[in-house]
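Undergrad: Contents of data22.cif (mmCIF, C-alpha atoms):
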data_structure
#
loop_
_atom_site.label_atom_id
_atom_site.label_comp_id
_atom_site.auth_asym_id
_atom_site.auth_seq_id
_atom_site.Cartn_x
_atom_site.Cartn_y
_atom_site.Cartn_z
CA MET A 1 -108.09 88.00 253.67
CA ASP A 2 -109.76 84.96 255.24
CA VAL A 3 -111.45 82.34 253.11
CA THR A 4 -114.66 81.98 255.10
CA ALA A 5 -118.16 80.82 254.36
CA PRO A 6 -120.63 83.47 253.17
CA PRO A 7 -122.99 84.79 255.86
CA GLY A 8 -126.00 83.01 254.39
CA ARG A 9 -124.47 79.56 254.34
CA THR A 10 -126.35 77.09 256.54
CA THR A 11 -124.40 73.88 256.01
CA LEU A 12 -121.01 73.08 257.46
CA PRO A 13 -118.01 72.27 255.23
CA MET A 14 -117.99 68.69 256.50
CA PRO A 15 -115.14 67.24 254.36
CA ALA A 16 -112.74 69.92 255.62
CA LEU A 17 -113.96 69.68 259.22
CA LEU A 18 -113.70 65.88 259.22
CA ALA A 19 -110.12 66.12 257.92
CA LEU A 20 -109.35 68.51 260.80
CA ALA A 21 -111.07 66.10 263.22
CA THR A 22 -108.89 63.26 261.95
CA ALA A 23 -105.76 65.34 262.56
CA VAL A 24 -106.98 65.98 266.12
CA PHE A 25 -107.71 62.26 266.52
CA LEU A 26 -104.13 61.49 265.44
CA GLY A 27 -102.73 63.95 267.96
CA CYS A 28 -104.94 62.57 270.74
CA LEU A 29 -103.99 58.96 269.96
CA THR A 30 -100.31 59.84 269.88
CA GLU A 31 -100.65 61.39 273.34
CA ILE A 32 -102.60 58.72 275.21
CA VAL A 33 -101.84 55.38 273.50
CA PRO A 34 -98.70 54.72 275.61
CA ALA A 35 -100.86 54.46 278.75
CA GLY A 36 -102.24 51.15 277.48
CA ILE A 37 -98.89 49.61 276.49
CA LEU A 38 -96.56 50.79 279.25
CA LEU A 39 -95.66 47.36 280.58
CA PRO A 40 -94.57 45.75 277.27
CA ALA A 41 -92.81 48.96 276.22
CA ALA A 42 -90.93 49.10 279.52
CA ALA A 43 -89.85 45.47 279.22
CA ASP A 44 -88.71 45.89 275.62
CA LEU A 45 -86.79 49.11 276.29
CA GLY A 46 -85.20 47.78 279.48
CA VAL A 47 -86.62 50.39 281.86
CA SER A 48 -88.97 50.29 284.84
CA PRO A 49 -92.72 50.85 284.39
CA ALA A 50 -92.33 54.13 286.30
CA ALA A 51 -89.70 55.32 283.83
CA ALA A 52 -91.88 54.24 280.91
CA GLY A 53 -94.68 56.30 282.43
CA GLN A 54 -92.67 59.38 281.57
CA LEU A 55 -93.62 58.73 277.94
CA VAL A 56 -97.07 60.00 278.93
CA SER A 57 -96.23 62.73 281.45
CA VAL A 58 -93.40 64.30 279.44
CA TYR A 59 -95.81 64.69 276.52
CA ALA A 60 -98.31 66.76 278.51
CA ILE A 61 -95.58 68.84 280.14
CA THR A 62 -93.97 69.61 276.78
CA THR A 63 -97.32 70.61 275.30
CA ALA A 64 -97.95 72.97 278.22
CA LEU A 65 -94.50 74.58 278.01
CA THR A 66 -94.30 74.97 274.22
CA ALA A 67 -97.88 75.78 273.16
CA LEU A 68 -97.50 79.54 273.56
CA PRO A 69 -94.00 80.16 272.13
CA LEU A 70 -94.37 77.78 269.20
CA THR A 71 -97.85 79.03 268.32
CA ALA A 72 -96.55 82.60 268.32
CA ALA A 73 -93.50 81.63 266.26
CA SER A 74 -95.63 79.94 263.59
CA ALA A 75 -98.40 82.56 263.48
CA ARG A 76 -97.43 83.96 260.06
CA MET A 77 -97.16 80.60 258.32
CA PRO A 78 -100.04 79.71 255.95
CA ARG A 79 -102.45 77.58 257.94
CA ARG A 80 -102.74 74.57 255.63
CA LYS A 81 -98.99 74.39 255.16
CA LEU A 82 -98.52 74.41 258.93
CA LEU A 83 -101.14 71.69 259.36
CA LEU A 84 -99.40 69.49 256.79
CA LEU A 85 -96.06 69.98 258.55
CA LEU A 86 -97.60 68.98 261.89
CA VAL A 87 -99.13 65.79 260.48
CA ALA A 88 -95.83 64.93 258.79
CA GLY A 89 -94.14 65.53 262.14
CA PHE A 90 -96.43 62.99 263.81
CA VAL A 91 -95.51 60.48 261.09
CA ALA A 92 -91.80 61.01 261.78
CA THR A 93 -92.00 60.96 265.59
CA ASN A 94 -94.26 57.90 265.75
CA LEU A 95 -91.98 56.02 263.36
CA THR A 96 -89.02 56.96 265.54
CA VAL A 97 -90.76 55.49 268.59
CA ALA A 98 -91.64 52.36 266.62
CA LEU A 99 -88.08 51.76 265.39
CA SER A 100 -85.79 53.04 268.13
CA PRO A 101 -84.11 50.50 270.45
CA TRP A 102 -83.02 53.31 272.83
CA PHE A 103 -85.29 54.68 275.52
CA ALA A 104 -83.60 58.10 275.38
CA LEU A 105 -84.45 58.48 271.68
CA VAL A 106 -88.02 57.30 272.28
CA LEU A 107 -88.36 59.90 275.04
CA ALA A 108 -86.95 62.61 272.75
CA ALA A 109 -89.49 61.66 270.07
CA ARG A 110 -92.27 61.98 272.65
CA VAL A 111 -91.01 65.46 273.58
CA ALA A 112 -91.14 66.42 269.89
CA SER A 113 -94.67 64.99 269.57
CA GLY A 114 -95.79 67.00 272.59
CA ALA A 115 -94.47 70.19 271.00
CA LEU A 116 -96.38 69.43 267.78
CA THR A 117 -99.60 68.90 269.74
CA GLY A 118 -99.30 72.28 271.44
CA ILE A 119 -99.50 73.96 268.03
CA LEU A 120 -102.12 71.58 266.64
CA TRP A 121 -104.87 72.28 269.16
CA SER A 122 -104.85 76.07 268.71
CA LEU A 123 -104.39 75.79 264.93
CA VAL A 124 -107.33 73.42 264.38
CA ALA A 125 -109.66 75.38 266.69
CA ASN A 126 -109.15 78.65 264.84
CA TYR A 127 -109.02 76.95 261.44
CA ALA A 128 -112.46 75.38 261.93
CA MET A 129 -114.04 78.61 263.10
CA ARG A 130 -112.59 80.59 260.19
CA LEU A 131 -114.25 78.26 257.69
CA VAL A 132 -117.79 79.21 258.72
CA PRO A 133 -119.85 82.30 259.66
CA ALA A 134 -119.51 83.38 263.28
CA GLU A 135 -122.96 82.09 264.21
CA ARG A 136 -121.93 78.55 263.16
CA SER A 137 -118.47 78.54 264.72
CA GLY A 138 -119.45 76.50 267.79
CA ARG A 139 -120.82 73.64 265.72
CA ALA A 140 -117.84 73.74 263.37
CA LEU A 141 -115.49 73.57 266.34
CA ALA A 142 -117.42 70.66 267.85
CA VAL A 143 -117.01 68.67 264.61
CA ALA A 144 -113.32 69.52 264.25
CA MET A 145 -112.56 68.62 267.88
CA ALA A 146 -114.57 65.37 267.79
CA GLY A 147 -111.27 63.54 267.43
CA THR A 148 -110.51 64.27 271.08
CA PRO A 149 -113.37 62.35 272.80
CA VAL A 150 -113.22 59.60 270.19
CA GLY A 151 -109.49 59.31 270.81
CA PHE A 152 -109.97 59.15 274.58
CA ALA A 153 -112.77 56.61 274.20
CA LEU A 154 -110.82 54.32 271.88
CA GLY A 155 -107.15 55.17 272.31
CA VAL A 156 -106.10 53.36 275.49
CA PRO A 157 -108.25 50.20 275.08
CA ALA A 158 -107.51 49.89 271.34
CA GLY A 159 -103.81 50.50 271.90
CA ALA A 160 -103.70 47.90 274.64
CA ALA A 161 -105.53 45.33 272.50
CA LEU A 162 -103.35 45.94 269.44
CA GLY A 163 -100.24 45.89 271.59
CA GLU A 164 -101.12 42.43 272.85
CA LEU A 165 -101.98 41.24 269.36
CA VAL A 166 -99.09 42.57 267.25
CA GLY A 167 -96.65 44.20 269.69
CA TRP A 168 -96.46 47.72 271.08
CA ARG A 169 -94.10 49.03 268.37
CA TRP A 170 -96.63 48.21 265.66
CA VAL A 171 -99.15 50.44 267.41
CA PHE A 172 -96.91 53.46 266.80
CA ALA A 173 -96.01 52.28 263.31
CA GLY A 174 -99.71 51.93 262.52
CA MET A 175 -100.40 55.51 263.63
CA ALA A 176 -97.61 56.72 261.36
CA PHE A 177 -98.81 54.76 258.33
CA VAL A 178 -102.45 55.79 258.78
CA ALA A 179 -101.40 59.45 258.89
CA VAL A 180 -99.88 59.36 255.40
CA PRO A 181 -103.25 59.37 253.54
CA LEU A 182 -104.34 62.20 255.84
CA LEU A 183 -101.77 64.45 254.17
CA TRP A 184 -103.44 63.91 250.80
CA TRP A 185 -106.91 64.38 252.32
CA ILE A 186 -105.94 67.73 253.83
CA VAL A 187 -104.59 68.97 250.50
CA ALA A 188 -107.75 67.81 248.71
CA VAL A 189 -110.48 69.21 250.98
CA VAL A 190 -109.12 71.79 253.46
CA PRO A 191 -109.09 75.33 252.01
CA PRO A 192 -105.83 77.26 252.37
CA LEU A 193 -105.96 80.14 254.81
CA PRO A 194 -103.34 82.84 255.38
CA GLY A 195 -101.38 83.18 258.58
CA GLU A 196 -101.11 86.32 260.62
CA GLU A 197 -100.25 89.42 258.62
CA PRO A 198 -96.87 91.08 259.31
CA GLY A 199 -97.19 93.70 262.01
CA ALA A 200 -100.51 92.29 263.25
CA ARG A 201 -99.06 90.22 266.09
CA THR A 202 -100.64 90.89 269.47
CA SER A 203 -98.48 90.90 272.58
CA LEU A 204 -99.06 88.42 275.37
CA ARG A 205 -99.69 91.27 277.81
CA ALA A 206 -102.41 92.69 275.57
CA VAL A 207 -104.05 89.28 275.22
CA LEU A 208 -104.08 88.79 279.00
CA ARG A 209 -105.90 92.12 279.36
CA THR A 210 -108.82 90.74 277.34
CA PRO A 211 -111.93 91.00 279.55
CA GLY A 212 -112.90 87.59 280.88
CA LEU A 213 -109.79 85.77 279.67
CA ARG A 214 -107.97 85.52 283.00
CA PRO A 215 -111.03 84.09 284.81
CA LEU A 216 -111.43 81.65 281.93
CA LEU A 217 -107.80 80.49 282.22
CA LEU A 218 -108.25 79.94 285.97
CA LEU A 219 -111.49 78.06 285.23
CA VAL A 220 -109.69 75.81 282.71
CA ILE A 221 -106.82 75.06 285.09
CA ALA A 222 -109.13 74.27 288.02
CA PHE A 223 -111.36 72.04 285.88
CA SER A 224 -108.43 70.13 284.37
CA LEU A 225 -106.71 69.72 287.75
CA ALA A 226 -109.84 68.36 289.41
CA HIS A 227 -110.69 66.05 286.52
CA ASN A 228 -107.21 64.59 286.16
CA MET A 229 -106.67 64.15 289.90
CA PHE A 230 -109.74 61.92 290.05
CA TYR A 231 -109.65 60.28 286.61
CA THR A 232 -105.97 59.30 286.78
CA TYR A 233 -106.60 57.32 289.97
CA LEU A 234 -110.07 56.03 289.16
CA GLY A 235 -108.78 52.44 289.43
CA PRO A 236 -107.76 52.77 293.09
CA PHE A 237 -111.06 54.56 293.79
CA TYR A 238 -113.09 51.70 292.28
CA ALA A 239 -110.97 49.23 294.23
CA GLY A 240 -111.55 51.16 297.46
CA ARG A 241 -115.29 50.89 296.90
CA GLY A 242 -114.98 47.14 296.35
CA HIS A 243 -115.78 47.27 292.62
CA LEU A 244 -112.45 46.97 290.80
CA ALA A 245 -114.04 44.41 288.45
CA LEU A 246 -116.34 47.18 287.16
CA LEU A 247 -113.48 49.52 286.19
CA SER A 248 -113.39 48.50 282.52
CA ALA A 249 -117.15 48.97 282.23
CA GLY A 250 -116.92 52.35 283.94
CA LEU A 251 -114.16 53.55 281.62
CA LEU A 252 -116.07 52.30 278.59
CA LEU A 253 -119.21 54.15 279.68
CA PHE A 254 -117.16 57.28 280.36
CA GLY A 255 -115.52 57.14 276.93
CA ALA A 256 -118.76 56.51 275.03
CA ALA A 257 -120.50 59.33 276.90
CA THR A 258 -117.78 61.84 275.96
CA VAL A 259 -118.81 61.55 272.31
CA ALA A 260 -122.44 62.25 273.19
CA GLY A 261 -121.31 65.15 275.40
CA LEU A 262 -119.45 66.79 272.54
CA TRP A 263 -122.53 66.46 270.31
CA LEU A 264 -124.75 68.13 272.93
CA VAL A 265 -122.26 70.94 273.47
CA GLY A 266 -122.07 71.52 269.71
CA LEU A 267 -125.83 72.07 269.63
CA ALA A 268 -125.85 74.61 272.47
CA LEU A 269 -122.47 76.32 272.31
CA ASP A 270 -123.22 79.06 269.76
CA ARG A 271 -126.31 80.33 271.61
CA HIS A 272 -125.53 79.56 275.25
CA PRO A 273 -121.74 79.49 275.85
CA ARG A 274 -122.00 80.60 279.48
CA ALA A 275 -124.60 77.94 280.28
CA VAL A 276 -122.38 75.30 278.66
CA LEU A 277 -119.42 76.30 280.86
CA LEU A 278 -121.59 76.17 283.96
CA CYS A 279 -123.18 72.82 283.09
CA CYS A 280 -119.88 71.08 282.30
CA ALA A 281 -118.42 72.08 285.67
CA ALA A 282 -121.58 71.68 287.76
CA VAL A 283 -122.47 68.24 286.39
CA THR A 284 -118.87 67.05 286.87
CA ALA A 285 -118.89 68.27 290.49
CA ALA A 286 -122.20 66.48 291.06
CA CYS A 287 -120.75 63.26 289.61
CA PHE A 288 -117.79 63.49 291.97
CA ALA A 289 -120.18 63.83 294.90
CA ILE A 290 -122.25 60.84 293.73
CA LEU A 291 -119.09 58.75 293.43
CA VAL A 292 -118.00 59.70 296.96
CA PHE A 293 -121.37 59.21 298.67
CA GLY A 294 -122.91 56.48 296.53
CA GLY A 295 -119.90 54.74 295.02
CA ARG A 296 -120.47 51.51 296.91
CA GLU A 297 -123.64 50.95 294.88
CA PRO A 298 -122.67 49.51 291.47
CA VAL A 299 -125.52 51.23 289.63
CA LEU A 300 -124.65 54.65 291.05
CA LEU A 301 -120.95 54.08 290.41
CA LEU A 302 -121.46 53.31 286.72
CA ALA A 303 -124.17 55.95 286.23
CA ALA A 304 -121.95 58.66 287.73
CA SER A 305 -119.02 57.57 285.55
CA ALA A 306 -121.20 57.81 282.43
CA LEU A 307 -122.64 61.21 283.40
CA TRP A 308 -119.12 62.45 284.16
CA GLY A 309 -118.08 61.46 280.63
CA LEU A 310 -121.08 63.32 279.22
CA ALA A 311 -120.04 66.51 281.05
CA PHE A 312 -116.37 66.11 280.19
CA GLY A 313 -116.90 65.37 276.49
CA GLY A 314 -117.67 68.95 275.50
CA ALA A 315 -115.60 70.77 278.11
CA PRO A 316 -112.33 71.24 276.16
CA THR A 317 -114.24 72.35 273.06
CA SER A 318 -116.32 74.83 275.05
CA PHE A 319 -113.15 76.27 276.60
CA GLN A 320 -111.62 76.87 273.18
CA ALA A 321 -114.85 78.29 271.76
CA VAL A 322 -115.24 80.74 274.65
CA THR A 323 -111.58 81.71 274.25
CA ALA A 324 -112.36 82.63 270.65
CA VAL A 325 -115.45 84.60 271.69
CA LEU A 326 -113.39 86.61 274.17
CA ALA A 327 -110.20 87.15 272.18
CA GLY A 328 -111.34 87.03 268.57
CA ARG A 329 -111.38 84.21 266.07
CA ARG A 330 -107.76 84.76 265.04
CA ALA A 331 -106.37 84.99 268.57
CA ASP A 332 -103.95 82.08 268.35
CA ILE A 333 -102.01 83.31 271.38
CA ALA A 334 -105.15 83.21 273.54
CA GLN A 335 -105.88 79.67 272.35
CA SER A 336 -102.34 78.59 273.17
CA LEU A 337 -102.74 79.95 276.71
CA THR A 338 -105.87 77.85 277.17
CA ILE A 339 -104.05 74.78 275.85
CA ALA A 340 -101.01 75.42 278.04
CA GLY A 341 -103.22 75.79 281.12
CA TRP A 342 -105.14 72.60 280.31
CA ASN A 343 -102.07 70.45 279.67
CA GLY A 344 -100.11 71.84 282.60
CA ALA A 345 -103.02 70.87 284.81
CA VAL A 346 -103.08 67.38 283.26
CA ALA A 347 -99.57 66.78 284.59
CA GLY A 348 -100.26 68.66 287.83
CA GLY A 349 -103.43 66.71 288.48
CA ALA A 350 -101.61 63.40 288.18
CA LEU A 351 -98.87 64.59 290.55
CA ILE A 352 -101.24 66.03 293.17
CA GLY A 353 -103.52 63.03 292.94
CA GLY A 354 -100.56 60.72 293.47
CA ALA A 355 -99.53 62.66 296.55
CA LEU A 356 -103.06 62.45 298.00
CA LEU A 357 -103.64 58.83 297.03
CA GLY A 358 -104.35 56.72 300.09
CA THR A 359 -105.11 59.68 302.36
CA GLY A 360 -108.84 59.82 301.65
CA ALA A 361 -108.52 63.48 300.67
CA LEU A 362 -108.23 62.97 296.90
CA PRO A 363 -111.95 62.96 295.95
CA TRP A 364 -112.75 65.77 298.38
CA THR A 365 -109.97 67.92 296.94
CA ALA A 366 -111.28 67.23 293.44
CA ILE A 367 -114.79 68.29 294.48
CA ALA A 368 -113.48 71.49 296.07
CA LEU A 369 -111.48 72.34 292.96
CA MET A 370 -114.45 71.72 290.67
CA VAL A 371 -116.47 74.30 292.59
CA VAL A 372 -114.04 76.96 291.29
CA PRO A 373 -115.11 76.69 287.63
CA VAL A 374 -118.77 76.61 288.71
CA LEU A 375 -118.29 79.99 290.41
CA LEU A 376 -116.07 81.48 287.69
CA SER A 377 -118.45 80.64 284.85
CA ARG A 378 -120.53 83.67 285.89
CA SER A 379 -117.64 86.10 285.45
CA VAL A 380 -116.23 84.83 282.14
CA LEU A 381 -119.17 85.85 279.93
CA PRO A 382 -122.25 88.02 280.43
CA ALA A 383 -125.53 86.15 280.74
CA ARG A 384 -127.16 85.34 277.41
#
I'd like the structure from this file rewritten - as structure tokens, please.
TA:
Amino acid sequence: MDVTAPPGRTTLPMPALLALATAVFLGCLTEIVPAGILLPAAADLGVSPAAAGQLVSVYAITTALTALPLTAASARMPRRKLLLLLVAGFVATNLTVALSPWFALVLAARVASGALTGILWSLVANYAMRLVPAERSGRALAVAMAGTPVGFALGVPAGAALGELVGWRWVFAGMAFVAVPLLWWIVAVVPPLPGEEPGARTSLRAVLRTPGLRPLLLLVIAFSLAHNMFYTYLGPFYAGRGHLALLSAGLLLFGAATVAGLWLVGLALDRHPRAVLLCCAAVTAACFAILVFGGREPVLLLAASALWGLAFGGAPTSFQAVTAVLAGRRADIAQSLTIAGWNGAVAGGALIGGALLGTGALPWTAIALMVVPVLLSRSVLPAR
């Protein structure tokens, strides 16, 4: 039986949700920090920058490939025990990266970290929503997933700054050491919840028959592809518009706006999930168009980057919340499909964007792809 809040409860269990958000923040940092320290890591490990870049791409690919099977395999494990094992796993893998002199071992540790993340996202999403009444689940999820936009906003610039200050290995060591108190915090404030009961497991085929789920998965993939095609190569785009010096400011505005975007989505998600899906995609598509047609104007360039961050900030959370609405609050398999689709598109977006870079077709392809989630948002949920 689930340990959930009574129907009349109006406040959120903030200590538990903040502990979950910190676990998400740790997973997000572990994923994206290498992007800011690739050059010193490559030099230290004796590999090319391109090879060191695999420390980022292999993570996303592993998450996409392992999210479903590992989530299904761990479905019966008590939820808090599983969460503690995942955090301990991040401690071990980040320490391995910090200490290993061999690139192959570092790469293997990144593969292991990617596998842990695939379980973490679906676990935390369902954990947060099981702690509160159904009518509060959107806000609870927004708090628990706040670690994602904060991680994106701070991860790469903070990692780069710390890498220059103390060395790139200490960045990974620091993430491992900071995670140790998180284990105690989880034990102290996060209520234990049971895993899936024996015999209750739902087949993948049955999950895919859930009304609205397949359009949602296509929506997630198209959104993530379009976003990552453009965002990965935002530097060359700024340079092509003659404003490379504004890139840092644009990224900072984007990152700060993602936090505000998550807050806005948390306010609206429980009552208007379909409208949230539509707004995230439509505003992002509009930002792409502004960047293409008005990107030579510094004010428009920075304003569009900030508005894009606002739309992006709540998108992953809204996708997971709508997945729960469609498949049920304990549908871990459905959540893992959403996560696999998102992360597979992260890697695919970088690859497709790289192939289109320099052709002039990249931003137009991103705009065309972003129209897909705008159209699909009408078929995922009935109007509310």
Undergrad: Could you check how far atom CA of Val178 of chain A sits from atom CA of Met14 of chain A, in Å to one decimal?
TA: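 Computed distance, atom CA of Val178 of chain A to atom CA of Met14 of chain A, equals 20.3 Å.
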Undergrad: Need to verify the contact set: segment 185-197 of chain A, 6 Å, only C-alpha atoms, exclusion of same-chain residues closer than 2 positions in sequence. Can you return it as a list in words?
TA: Ala16, Ala75, Arg76, Met77, Pro78, Arg79, Arg80, Leu182, Leu183 and Ala200 of chain A
Undergrad: Next, write the just-selected residues to a file, as a short mmCIF file (atom, residue, chain, number, x, y, z; two decimals), keeping the file's coordinate frame, keeping C-alpha atoms as the atom set.
TA:
data_model
loop_
_atom_site.label_atom_id
_atom_site.label_comp_id
_atom_site.auth_asym_id
_atom_site.auth_seq_id
_atom_site.Cartn_x
_atom_site.Cartn_y
_atom_site.Cartn_z
CA ALA A 16 -112.74 69.92 255.62
CA ALA A 75 -98.40 82.56 263.48
CA ARG A 76 -97.43 83.96 260.06
CA MET A 77 -97.16 80.60 258.32
CA PRO A 78 -100.04 79.71 255.95
CA ARG A 79 -102.45 77.58 257.94
CA ARG A 80 -102.74 74.57 255.63
CA LEU A 182 -104.34 62.20 255.84
CA LEU A 183 -101.77 64.45 254.17
CA ALA A 200 -100.51 92.29 263.25
#
Undergrad: Rank nothing, just name the residue among A:Val180, A:Ala160, A:Ala286, A:Met129 nearest to Leu85 of chain A, using only C-alpha atoms.
TA: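 Looking only at the distances to Leu85 of chain A, the closest residue turns out to be A:Val180.
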Undergrad: Starting from the PyMOL selection byres ((chain A and resi 306-322) around 7), expand the selection into actual residues of this file and give them as a ChimeraX atom specification.
TA: /A:125,138,141-142,145,149,253-255,257-262,265,269,273,277,280,283-284,287,302-305,323-326,335
Undergrad: Write out as a list in words the residues lying within 12 Å of Ala368 of chain A, counting only C-alpha atoms and excluding same-chain residues fewer than 2 positions away.
TA: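 Selected residues are Ala222, Phe223, Leu225, Ala226, His227, Met229, Phe230, Ala281, Ala282, Thr284, Ala285, Ala286, Phe288, Ala289, Ala361, Leu362, Pro363, Trp364, Thr365, Ala366, Met370, Val371, Val372, Pro373, Val374 and Leu375 of chain A.
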Undergrad: Could you tell me how far atom CA of Val56 of chain A sits from atom CA of Val346 of chain A, in Å to one decimal place?
TA: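 According to the coordinates, atom CA of Val346 of chain A and atom CA of Val56 of chain A are separated by 10.5 Å.
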Undergrad: Which one of A:Ala334, A:Cys279, A:Leu123, A:Leu213 sits closest to Ala144 of chain A if you count all atoms listed in the file?
TA: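 Ranked by minimum distance to Ala144 of chain A, first place goes to A:Leu123.
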Undergrad: What would the selection look like, as a ChimeraX atom specification, if the PyMOL selection byres ((chain A and resi 106-120) around 9) were run on the coordinates I just shared?
TA: /A:23-24,27-28,30-31,52,54-56,58-68,70-71,74,82-83,86-87,89-90,92-94,96-105,121-125,336,339-340,343
Undergrad: Any idea what the distance is between atom CA of Gly341 of chain A and atom CA of Ile221 of chain A?
TA: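 Distance reported for this atom pair: 5.4 Å.
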Undergrad: Could you give me, as a PyMOL selection string, the residues within 12 Å of Leu246 of chain A, counting all atoms listed in the file and dropping anything in the same chain fewer than 4 positions from it?
TA: chain A and resi 234-239+241-242+250-253+295-303+305
Undergrad: Find the residues near Ser224 of chain A: any atom within 8 Å, counting only C-alpha atoms, skip ones fewer than 4 places away on the same chain, and give them as a PyMOL selection string.
TA: chain A and resi 220+228+342-343+345-346+349
Undergrad: Give, as lines of an AutoDock Vina configuration file, the centre coordinates and the x, y and z edge lengths in Å to one decimal for an axis-aligned box around all listed atoms of segment 123-141 of chain A, padded by 3 Å on each side.
TA:
center_x = -113.7
center_y = 78.4
center_z = 262.7
size_x = 24.6
size_y = 16.0
size_z = 16.1
Undergrad: Could you list, with a cut-off of 9 Å and counting all atoms listed in the file, the residues of segment 153-175 of chain A near segment 39-42 of chain A, each shown with its nearest atom pair and the distance in Å rounded to one decimal, rows sorted by chain and ascending number, as CSV?
TA:
residue,atom,partner,partner_atom,distance
A:Gly163,CA,A:Pro40,CA,8.0
A:Glu164,CA,A:Pro40,CA,8.6
A:Gly167,CA,A:Pro40,CA,8.0
A:Trp168,CA,A:Ala41,CA,6.4
A:Arg169,CA,A:Ala41,CA,8.0
Undergrad: Out of A:Gly212, A:Gly147, A:Gly348, A:Gly46, which residue has the shortest atom-to-atom distance to Ala19 of chain A when counting all atoms listed in the file?
TA: A:Gly147
Undergrad: Taking only C-alpha atoms into account, which of A:Ala50, A:Arg136, A:Ala256, A:Leu95 comes nearest Gly174 of chain A?
TA: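 Checking each candidate against Gly174 of chain A, we get A:Leu95 as the closest.
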Undergrad: Return the single residue from A:Leu38, A:Tyr233, A:His243, A:Ile333 that is closest to Ala355 of chain A, with distances computed using all atoms listed in the file.
TA: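 Among A:Leu38, A:Tyr233, A:His243, A:Ile333, it is A:Tyr233 that comes nearest to Ala355 of chain A.
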Undergrad: Measuring atom to atom with only C-alpha atoms, identify which of A:Tyr231, A:Asp332, A:Leu20, A:Leu369 is nearest to Pro69 of chain A.
TA: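 Closest candidate: A:Asp332.
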Undergrad: Just the residues within 12 Å of Leu162 of chain A, please, counting all atoms listed in the file, with nothing from its chain fewer than 4 positions along; format it as a PyMOL selection string.
TA: chain A and resi 33-34+36-37+40+154-158+166-175
